[in-house]
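Below: final.txt (compact mmCIF, C-alpha atoms and all ligand atoms)
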```txt
# COMPACT_ATOMS: atom_id res chain seq x y z
CA MET A 1 -66.35 3.68 152.34
CA ASN A 2 -69.35 3.20 150.11
CA GLN A 3 -71.43 0.79 152.24
CA CYS A 4 -74.42 -1.39 151.50
CA PHE A 5 -76.94 -1.22 154.34
CA ASN A 6 -80.14 -3.03 154.91
CA ASN A 7 -82.65 -3.01 157.75
CA SER A 8 -81.02 -5.97 159.51
CA HIS A 9 -77.92 -3.81 160.14
CA ILE A 10 -75.70 -6.10 158.12
CA VAL A 11 -73.04 -3.94 156.57
CA LEU A 12 -71.20 -5.31 153.58
CA ASP A 13 -67.91 -4.08 152.23
CA PRO A 14 -68.59 -3.42 148.54
CA SER A 15 -64.92 -3.90 147.71
CA LYS A 16 -65.05 -7.48 149.00
CA LEU A 17 -68.17 -8.78 147.33
CA PRO A 18 -67.87 -12.10 145.52
CA ARG A 19 -67.68 -11.85 141.76
CA HIS A 20 -69.67 -15.03 141.29
CA VAL A 21 -72.26 -16.58 143.62
CA ALA A 22 -73.61 -20.08 142.97
CA ILE A 23 -76.66 -21.41 144.80
CA ILE A 24 -78.11 -24.87 145.43
CA MET A 25 -81.72 -23.96 146.17
CA ASP A 26 -82.66 -26.92 148.35
CA GLY A 27 -85.55 -27.71 150.69
CA ASN A 28 -88.63 -26.75 148.67
CA GLY A 29 -90.27 -30.12 149.33
CA ARG A 30 -89.52 -30.14 153.06
CA TRP A 31 -90.73 -26.55 153.39
CA ALA A 32 -94.06 -27.53 151.84
CA LYS A 33 -94.31 -30.68 153.96
CA SER A 34 -93.67 -28.72 157.14
CA LYS A 35 -96.71 -26.64 156.25
CA GLY A 36 -98.86 -29.64 155.30
CA LEU A 37 -98.82 -28.60 151.63
CA PRO A 38 -98.02 -30.60 148.47
CA ARG A 39 -94.37 -30.36 147.31
CA ILE A 40 -95.28 -28.23 144.31
CA TYR A 41 -96.20 -25.32 146.59
CA GLY A 42 -92.62 -25.38 147.82
CA HIS A 43 -91.37 -25.10 144.25
CA LYS A 44 -93.78 -22.24 143.53
CA LYS A 45 -92.57 -20.29 146.54
CA GLY A 46 -89.01 -21.28 145.64
CA ALA A 47 -89.36 -19.74 142.18
CA GLU A 48 -90.55 -16.44 143.74
CA VAL A 49 -87.56 -16.46 146.07
CA ALA A 50 -85.20 -17.15 143.15
CA LYS A 51 -86.58 -14.10 141.36
CA LYS A 52 -85.96 -11.86 144.39
CA ILE A 53 -82.43 -13.18 144.86
CA ILE A 54 -81.62 -12.64 141.17
CA TYR A 55 -82.57 -8.97 141.34
CA LYS A 56 -80.89 -8.49 144.71
CA THR A 57 -77.68 -9.86 143.18
CA LYS A 58 -77.92 -7.31 140.39
CA GLU A 59 -78.69 -4.51 142.86
CA LEU A 60 -75.61 -5.42 144.92
CA GLY A 61 -73.43 -5.30 141.81
CA ILE A 62 -72.40 -8.96 141.88
CA PRO A 63 -71.72 -9.73 138.20
CA TYR A 64 -72.36 -13.51 138.06
CA LEU A 65 -75.06 -15.66 139.65
CA THR A 66 -75.52 -19.36 138.95
CA LEU A 67 -78.65 -21.17 140.14
CA PHE A 68 -78.98 -24.95 140.25
CA ALA A 69 -82.56 -25.09 138.99
CA PHE A 70 -82.78 -28.66 137.63
CA SER A 71 -80.21 -31.43 137.87
CA LYS A 72 -79.64 -34.41 135.59
CA GLU A 73 -80.80 -36.55 138.51
CA ASN A 74 -84.05 -34.55 138.89
CA TRP A 75 -85.41 -36.41 135.83
CA LEU A 76 -85.87 -39.35 138.20
CA ARG A 77 -88.56 -37.48 140.18
CA PRO A 78 -92.27 -38.29 139.75
CA GLU A 79 -93.57 -37.18 136.36
CA GLU A 80 -96.07 -34.78 137.91
CA GLU A 81 -93.32 -32.96 139.85
CA ILE A 82 -91.11 -32.69 136.75
CA LYS A 83 -94.04 -31.22 134.86
CA THR A 84 -94.58 -28.62 137.58
CA LEU A 85 -90.90 -27.66 137.66
CA LEU A 86 -90.78 -27.23 133.88
CA GLU A 87 -94.00 -25.24 133.95
CA LEU A 88 -92.60 -22.96 136.65
CA LEU A 89 -89.49 -22.42 134.61
CA LYS A 90 -91.58 -21.51 131.56
CA VAL A 91 -93.73 -19.10 133.56
CA TYR A 92 -90.60 -17.55 135.05
CA LEU A 93 -88.97 -17.10 131.64
CA ASP A 94 -92.09 -15.60 130.06
CA ALA A 95 -92.61 -13.21 132.95
CA GLU A 96 -88.99 -12.11 133.29
CA PHE A 97 -87.72 -11.95 129.71
CA GLU A 98 -88.57 -8.24 129.31
CA GLU A 99 -87.19 -7.46 132.75
CA MET A 100 -83.90 -9.22 131.92
CA LYS A 101 -83.60 -7.14 128.76
CA LYS A 102 -84.46 -3.94 130.63
CA ARG A 103 -81.99 -4.61 133.43
CA GLY A 104 -79.16 -5.62 131.10
CA ILE A 105 -79.02 -9.21 132.37
CA LYS A 106 -77.37 -11.82 130.18
CA PHE A 107 -79.08 -15.20 130.49
CA LYS A 108 -77.07 -18.34 130.02
CA VAL A 109 -77.89 -22.02 130.40
CA ILE A 110 -75.40 -24.67 131.50
CA GLY A 111 -76.42 -28.30 131.20
CA ASP A 112 -78.21 -30.22 128.47
CA LYS A 113 -80.89 -28.01 126.93
CA GLU A 114 -81.65 -30.80 124.44
CA ASP A 115 -83.14 -32.90 127.28
CA PHE A 116 -86.07 -30.47 127.48
CA PRO A 117 -89.22 -30.37 125.35
CA LYS A 118 -88.68 -28.51 122.06
CA ASP A 119 -90.76 -25.45 122.99
CA LEU A 120 -88.80 -24.90 126.21
CA GLN A 121 -85.50 -25.44 124.40
CA GLU A 122 -86.47 -22.79 121.86
CA LYS A 123 -87.49 -20.37 124.58
CA LEU A 124 -84.17 -20.84 126.38
CA GLU A 125 -82.23 -20.35 123.15
CA LEU A 126 -84.18 -17.23 122.22
CA ILE A 127 -83.54 -15.63 125.61
CA GLU A 128 -79.85 -16.55 125.48
CA LYS A 129 -79.53 -15.08 121.99
CA THR A 130 -81.49 -11.91 122.74
CA THR A 131 -79.60 -11.13 125.95
CA GLU A 132 -76.16 -12.25 124.80
CA LYS A 133 -74.75 -8.71 124.55
CA ASN A 134 -76.08 -7.57 127.93
CA ASP A 135 -73.31 -6.79 130.35
CA GLU A 136 -74.85 -5.73 133.67
CA MET A 137 -74.96 -9.22 135.16
CA VAL A 138 -74.85 -12.84 134.00
CA LEU A 139 -77.65 -15.08 135.23
CA CYS A 140 -76.52 -18.61 134.64
CA MET A 141 -79.13 -21.32 135.10
CA ALA A 142 -78.03 -24.92 135.54
CA LEU A 143 -80.71 -26.97 133.76
CA SER A 144 -80.47 -30.71 133.29
CA TYR A 145 -77.00 -30.14 134.64
CA GLY A 146 -74.57 -32.58 136.25
CA GLY A 147 -70.94 -31.81 137.01
CA LYS A 148 -69.60 -35.23 136.05
CA ASN A 149 -71.58 -35.13 132.81
CA GLU A 150 -70.16 -31.68 132.01
CA ILE A 151 -66.58 -32.91 132.50
CA VAL A 152 -67.15 -36.05 130.43
CA LYS A 153 -68.74 -34.01 127.61
CA ALA A 154 -65.80 -31.58 127.67
CA THR A 155 -63.35 -34.49 127.49
CA ARG A 156 -65.17 -35.97 124.53
CA LYS A 157 -65.13 -32.65 122.62
CA LEU A 158 -61.46 -32.22 123.41
CA ALA A 159 -60.67 -35.77 122.25
CA GLU A 160 -62.42 -35.04 118.96
CA GLU A 161 -60.20 -31.99 118.43
CA VAL A 162 -57.12 -34.10 119.17
CA LYS A 163 -58.34 -36.77 116.74
CA LYS A 164 -58.75 -34.11 114.04
CA GLY A 165 -55.18 -32.97 114.74
CA LYS A 166 -56.30 -29.50 115.86
CA ILE A 167 -54.90 -29.91 119.38
CA SER A 168 -51.94 -31.98 120.47
CA PRO A 169 -52.09 -33.78 123.84
CA GLU A 170 -49.17 -31.79 125.26
CA ASP A 171 -51.14 -28.54 124.71
CA ILE A 172 -53.86 -29.68 127.11
CA ASP A 173 -53.71 -27.75 130.35
CA GLU A 174 -56.29 -26.42 132.79
CA LYS A 175 -56.84 -23.22 130.80
CA LEU A 176 -57.48 -25.05 127.55
CA PHE A 177 -59.71 -27.65 129.23
CA ARG A 178 -61.93 -24.88 130.66
CA ASN A 179 -62.80 -23.77 127.14
CA PHE A 180 -64.66 -27.04 126.64
CA LEU A 181 -66.80 -26.73 129.76
CA ASP A 182 -70.34 -25.30 129.67
CA THR A 183 -69.05 -22.51 131.91
CA LYS A 184 -66.40 -21.21 129.53
CA ASP A 185 -66.36 -17.38 129.79
CA ILE A 186 -67.67 -17.56 133.37
CA PRO A 187 -65.25 -17.22 136.29
CA ASP A 188 -65.30 -19.91 138.99
CA PRO A 189 -67.73 -19.20 141.83
CA ASP A 190 -66.29 -17.38 144.84
CA LEU A 191 -69.18 -18.37 147.06
CA LEU A 192 -71.46 -21.41 147.03
CA ILE A 193 -74.63 -21.23 149.10
CA ARG A 194 -76.68 -24.35 149.88
CA THR A 195 -79.91 -24.10 151.82
CA SER A 196 -81.85 -26.74 153.79
CA GLY A 197 -79.09 -28.08 156.03
CA GLU A 198 -77.66 -30.58 153.55
CA MET A 199 -73.87 -30.34 153.35
CA ARG A 200 -72.89 -31.74 149.98
CA ILE A 201 -72.41 -30.42 146.47
CA SER A 202 -74.64 -32.95 144.70
CA ASN A 203 -72.77 -33.06 141.38
CA PHE A 204 -72.81 -29.26 140.99
CA LEU A 205 -69.90 -27.47 139.27
CA LEU A 206 -67.38 -30.14 140.26
CA PHE A 207 -64.49 -28.59 138.32
CA GLN A 208 -65.32 -24.99 139.15
CA LEU A 209 -65.77 -25.24 142.93
CA ALA A 210 -62.12 -26.14 143.64
CA TYR A 211 -61.40 -22.98 145.68
CA THR A 212 -64.92 -21.74 146.32
CA GLU A 213 -66.00 -20.73 149.82
CA PHE A 214 -68.99 -22.78 151.01
CA TYR A 215 -71.90 -21.43 153.05
CA PHE A 216 -74.49 -23.84 154.39
CA THR A 217 -77.67 -22.76 156.11
CA SER A 218 -80.46 -24.87 157.61
CA ILE A 219 -83.09 -22.45 156.21
CA TYR A 220 -85.26 -24.05 153.51
CA TRP A 221 -84.99 -22.29 150.14
CA PRO A 222 -88.56 -20.84 150.23
CA ASP A 223 -87.62 -19.07 153.49
CA PHE A 224 -84.31 -17.75 152.14
CA ASP A 225 -84.82 -14.01 151.85
CA GLU A 226 -82.68 -10.96 151.16
CA ASN A 227 -81.59 -10.81 154.77
CA GLU A 228 -80.40 -14.44 154.70
CA TYR A 229 -78.55 -13.63 151.48
CA LEU A 230 -76.80 -10.69 153.13
CA LYS A 231 -75.82 -12.98 156.03
CA ALA A 232 -74.21 -15.40 153.58
CA LEU A 233 -72.36 -12.56 151.87
CA TYR A 234 -71.25 -11.20 155.22
CA SER A 235 -69.91 -14.62 156.22
CA TYR A 236 -68.00 -14.75 152.92
CA GLN A 237 -66.43 -11.38 153.64
CA GLN A 238 -64.99 -12.71 156.92
CA ARG A 239 -63.14 -15.54 155.17
CA GLU A 240 -59.46 -15.49 154.39
CA ARG A 241 -58.93 -16.94 150.93
CA ARG A 242 -55.48 -18.37 150.47
CA PHE A 243 -55.89 -20.53 147.34
CA GLY A 244 -53.39 -22.99 148.75
CA ARG A 245 -50.79 -20.32 149.49
CA VAL A 246 -49.48 -18.97 152.78
CA TYR A 247 -51.20 -15.84 154.01
CA GLU A 248 -48.88 -12.82 154.14
CA SER A 249 -50.10 -9.95 156.27
C1 LIG B 1 -84.75 -28.55 145.65
O1 LIG B 1 -85.80 -28.73 146.54
C2 LIG B 1 -85.10 -27.72 144.54
C3 LIG B 1 -85.21 -28.15 143.26
C4 LIG B 1 -85.04 -29.54 142.82
C5 LIG B 1 -85.53 -27.26 142.16
C6 LIG B 1 -85.22 -25.81 142.36
C7 LIG B 1 -86.28 -25.11 141.65
C8 LIG B 1 -86.86 -23.95 142.03
C9 LIG B 1 -86.41 -23.14 143.16
C10 LIG B 1 -88.02 -23.45 141.26
C11 LIG B 1 -87.72 -23.10 139.83
C12 LIG B 1 -86.74 -22.00 139.72
C13 LIG B 1 -86.85 -21.00 138.84
C14 LIG B 1 -85.78 -19.98 138.83
C15 LIG B 1 -87.97 -20.84 137.94
P1 LIG B 1 -86.25 -30.23 146.83
O2 LIG B 1 -87.48 -30.49 146.03
O3 LIG B 1 -85.13 -31.16 146.58
O4 LIG B 1 -86.58 -30.15 148.34
P2 LIG B 1 -86.48 -31.36 149.39
O5 LIG B 1 -85.04 -31.75 149.44
O6 LIG B 1 -86.96 -30.74 150.66
O7 LIG B 1 -87.37 -32.44 148.87
```

What is this file in structure tokens?
Amino acid sequence: MNQCFNNSHIVLDPSKLPRHVAIIMDGNGRWAKSKGLPRIYGHKKGAEVAKKIIYKTKELGIPYLTLFAFSKENWLRPEEEIKTLLELLKVYLDAEFEEMKKRGIKFKVIGDKEDFPKDLQEKLELIEKTTEKNDEMVLCMALSYGGKNEIVKATRKLAEEVKKGKISPEDIDEKLFRNFLDTKDIPDPDLLIRTSGEMRISNFLLFQLAYTEFYFTSIYWPDFDENEYLKALYSYQQRERRFGRVYES
């Protein structure tokens, strides 16, 4: 068997890796507080960790990674913190654009790009366009994203098609509905990781997480390293996924 090793002796079965990992990167603020630092330091360290996890995902051969980088609700944070988060995102995009191209990573945004300042919107669109044909891995970033909002938007678009007579109500099934979601073309996540000890999904991928395996860890996101990632993947590989059916040995 072709095995993936690392120095922590975690051995993963490459034939049982998830196809899509989604991550709620939580605990940046608490990490900073625990060190007596302002919250923004937590976000800075968090962005570095995100970068490492993105490339580790590619190295492992996992084809889809979705990161919850900024939620619809995050707009309610203090202005200064929002500014820092957007700045970090910009710095990340500028620094990693070439690397994404070089490594064959396709970058995709889910959520409402139009909520962001024009320059950031344009940057996001340029990177999406430039990397659209890359096929080594899809890095999907949830930005100004909310699961309920995504479903409502999809319903509205679908209703417009029905109104125009392009779709009849009896044609609407799960497969067709998916085509109206921001995640169309992306398979549902197999594994959801949430750091920081919180055990909720916080309006993330509500439609897509129906049969996803959940992994919660009390580690704050800035302390989540490659070894913690391998632990999560190892835990996933021990699960028996039945998708509502009866397991037949
Ligand atoms: C949650 O921590 C994290 C966020 C709201 C944002 C996640 C953003 C990053 C990791 C940095 C930007 C990422 C990239 C890829 C450039 P929290 O602030 O809610 O922590 P707390 O619950 O301890 O307050």

Hey, which residues come within 10 Å of ligand LIG 1 (chain B) if we count only C-alpha atoms and all ligand atoms? Could you give them as JSON, numbers by chain? {"A": [23, 24, 25, 26, 27, 28, 29, 30, 31, 32, 33, 34, 39, 40, 41, 42, 43, 44, 45, 46, 47, 48, 49, 50, 51, 52, 53, 54, 67, 68, 69, 70, 71, 73, 74, 75, 77, 81, 82, 84, 85, 86, 87, 88, 89, 90, 91, 92, 93, 96, 141, 142, 143, 195, 196, 197, 198, 220, 221, 222]}

Close residues, range 127-130 of chain A itself excluded, 7 Å, all atoms listed in the file, min 2 positions apart in chain, as a ChimeraX atom specification: /A:97,107-108,123-125,132

Can you sort out the box for range 125-141 of chain A, edges along x, y and z, all listed atoms in, 6 Å on every side, with centre and edge lengths in Å to one decimal, as lines of an AutoDock Vina configuration file?
```
center_x = -78.7
center_y = -13.5
center_z = 128.6
size_x = 22.9
size_y = 27.6
size_z = 25.2
```

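Using only C-alpha atoms, the nearest neighbour of Lys16 in chain A within the list A:Leu191, A:Ala95, A:Ala210, A:Val109 is A:Leu191.
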
List every residue of range 17-77 of chain A that has an atom at most 12 Å from any atom of range 185-188 of chain A, giving for each one its closest atom pair and the distance in Å to one decimal, counting only C-alpha atoms, sorted by chain and then by ascending residue number, as JSON lines.
```
{"residue": "A:Pro18", "atom": "CA", "partner": "A:Asp188", "partner_atom": "CA", "distance": 10.5}
{"residue": "A:Arg19", "atom": "CA", "partner": "A:Pro187", "partner_atom": "CA", "distance": 8.0}
{"residue": "A:His20", "atom": "CA", "partner": "A:Asp188", "partner_atom": "CA", "distance": 6.9}
{"residue": "A:Val21", "atom": "CA", "partner": "A:Asp188", "partner_atom": "CA", "distance": 9.0}
{"residue": "A:Ala22", "atom": "CA", "partner": "A:Asp188", "partner_atom": "CA", "distance": 9.2}
{"residue": "A:Pro63", "atom": "CA", "partner": "A:Ile186", "partner_atom": "CA", "distance": 10.1}
{"residue": "A:Tyr64", "atom": "CA", "partner": "A:Ile186", "partner_atom": "CA", "distance": 7.8}
{"residue": "A:Leu65", "atom": "CA", "partner": "A:Ile186", "partner_atom": "CA", "distance": 9.9}
{"residue": "A:Thr66", "atom": "CA", "partner": "A:Ile186", "partner_atom": "CA", "distance": 9.8}
```

One decimal, Å: what's the distance from CA of Arg245 in chain A over to CA of Asp190 in chain A, could you say?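 According to the coordinates, CA of Arg245 in chain A and CA of Asp190 in chain A are separated by 16.4 Å.
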
What separation in Å, quoted to one decimal, exists between CA of Phe204 in chain A and CA of Thr183 in chain A?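 According to the coordinates, CA of Phe204 in chain A and CA of Thr183 in chain A are separated by 11.9 Å.
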
Here is a test: counting all atoms listed in the file, which residue of A:Leu205, A:Leu139, A:Val246, A:Ile219 is nearest to Lys231 in chain A? A:Ile219

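When CA of Ile151 in chain A is paired with CA of Arg200 in chain A, their separation reads 18.6 Å.
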
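Take the candidates A:Lys72, A:Lys102, A:Lys148, A:Lys163 and check each one against Asp115 in chain A using all atoms listed in the file; the shortest distance goes to A:Lys72.
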
Shell of 9 Å around range 211-214 of chain A, only C-alpha atoms, local chain residues under 3 positions omitted, as a PDB file with C-alpha atoms, in the frame of the given file:
```pdb
ATOM      1  CA  ASP A 188     -65.300 -19.910 138.990  1.00  0.00           C
ATOM      2  CA  PRO A 189     -67.730 -19.200 141.830  1.00  0.00           C
ATOM      3  CA  ASP A 190     -66.290 -17.380 144.840  1.00  0.00           C
ATOM      4  CA  LEU A 191     -69.180 -18.370 147.060  1.00  0.00           C
ATOM      5  CA  LEU A 192     -71.460 -21.410 147.030  1.00  0.00           C
ATOM      6  CA  ILE A 193     -74.630 -21.230 149.100  1.00  0.00           C
ATOM      7  CA  ARG A 194     -76.680 -24.350 149.880  1.00  0.00           C
ATOM      8  CA  GLN A 208     -65.320 -24.990 139.150  1.00  0.00           C
ATOM      9  CA  TYR A 236     -68.000 -14.750 152.920  1.00  0.00           C
ATOM     10  CA  ARG A 239     -63.140 -15.540 155.170  1.00  0.00           C
ATOM     11  CA  ARG A 241     -58.930 -16.940 150.930  1.00  0.00           C
ATOM     12  CA  ARG A 242     -55.480 -18.370 150.470  1.00  0.00           C
ATOM     13  CA  PHE A 243     -55.890 -20.530 147.340  1.00  0.00           C
ATOM     14  CA  GLY A 244     -53.390 -22.990 148.750  1.00  0.00           C
TER      15      GLY A 244
END
```

Need the neighbours of (-66.6, -10.1, 152.7): which residues are at most 9 Å away, counting all atoms listed in the file, as an MDAnalysis selection string? chainID A and resid 12:18 233:239
